[in-house]
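To start, the structure under review is shown below, and the notes come after it.
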Amino acid sequence: MDRTYTVDELLSAVRRRWKAVAIVAGGALLVAAVAIIRVPNEYKARALVMVEPFTPHPDLVVPVINAQSLEEKVKSVRSNVYARGLMATAIEEFNLYPKAREKGMDEAVEALRTDTEVHAEGDNAFAIIVRSKDPAEAAKTANRLAELYIEGNLQVRAGQVTRTRDIIGQKLAEMRGELTRAQAKVSAFKAQHADQLPEMLEARYHQRDQIAKAIEQEGMFAQEAQHRIDLIGTQPFGKDTEVGGWRRCTTSRAPRWPG
């Protein structure tokens, strides 16, 4: 059966063996101090990157619902940040991991990947965190990784814009060709059916109206002339009459009786 010790009994045992307790405690403190001293200081630097999705103008493309989850966004950004070319560039610029580089660039890249973390900050922001023994080295490495990621993202956007412009130019060329062919067909149809075109019919209607007006005017002139002629027949003999601006003079002679 286990025996239970009271507090007084434990204190008395410590007092009796205080030297052994002091040695054990001192040894533990010494080991802890040595471990603390030998463990190198580690610093973290954090760079925040805003990511906006590439969205073409709605007049150019048909909107498509593509809800990308936050986890997928983080994987996409992490894969771009952990890319060998991007990390190798930062390693060569700042001469990072010289011992690992002696074994090859892949070793240095893997070391930098181990010391780098990518976390989401909201829906469209990501934090790139770099650990290093040197605070300045950690800061400049984190900032450089963020800059390289942004530059690569801009190059991808530029390529997308170029491809979109090429596609639009190709479509415009095709539409111009179709328009030219359509205009040629319209011109040929007009030449073949010139007498049946609505604009020709309208022109003929207008010409018909002008001819009708001219005929009406000629009729009115003829009526006026006939009226003046009729006036000449109704005037008494021997009187001067004026018709159409002309004056006719008539004279009478008295009869002479014989003897």
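Ligands are numbered from 1 in the order shown, residues from 1 within each chain, and chains are lettered A, B, ... in the order they appear in the structure tokens.
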Contacts of range 69-80 of chain A within 12 Å, only C-alpha atoms, excl. fewer than 5 positions in-chain, as a PyMOL selection string: chain A and resi 49-53+85-87+113+116-129+145-146+148-153+156
Distance query range 90-103 of chain A at most 8 Å, only C-alpha atoms, self and fewer than 6 positions along chain excluded, as a ChimeraX atom specification: /A:109,111,141,144-145
Atom-to-atom span, CA of Arg84 in chain A and CA of Leu112 in chain A, Å: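 Result for CA of Arg84 in chain A versus CA of Leu112 in chain A: 10.1 Å, one decimal.
One finds CA of Ala142 in chain A at 19.2 Å from CA of Asp106 in chain A.
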Pick from A:Ala47, A:Arg176, A:Leu231, A:Arg163 nearest to Ala138 in chain A, counting only C-alpha atoms: A:Ala47
Per-residue DSSP, range 36-165 of chain A, filtered to alpha helix (DSSP H), as an NGL selection string: :A and (36-38 or 70-81 or 84-94 or 98-103 or 105-114 or 135-165)
Shortest interatomic distance to Asn143 in chain A - which of A:Ala188, A:Val81, A:Leu172, A:Leu48, counting only C-alpha atoms: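 Of A:Ala188, A:Val81, A:Leu172, A:Leu48, the one nearest Asn143 in chain A is A:Leu48, counting only C-alpha atoms.
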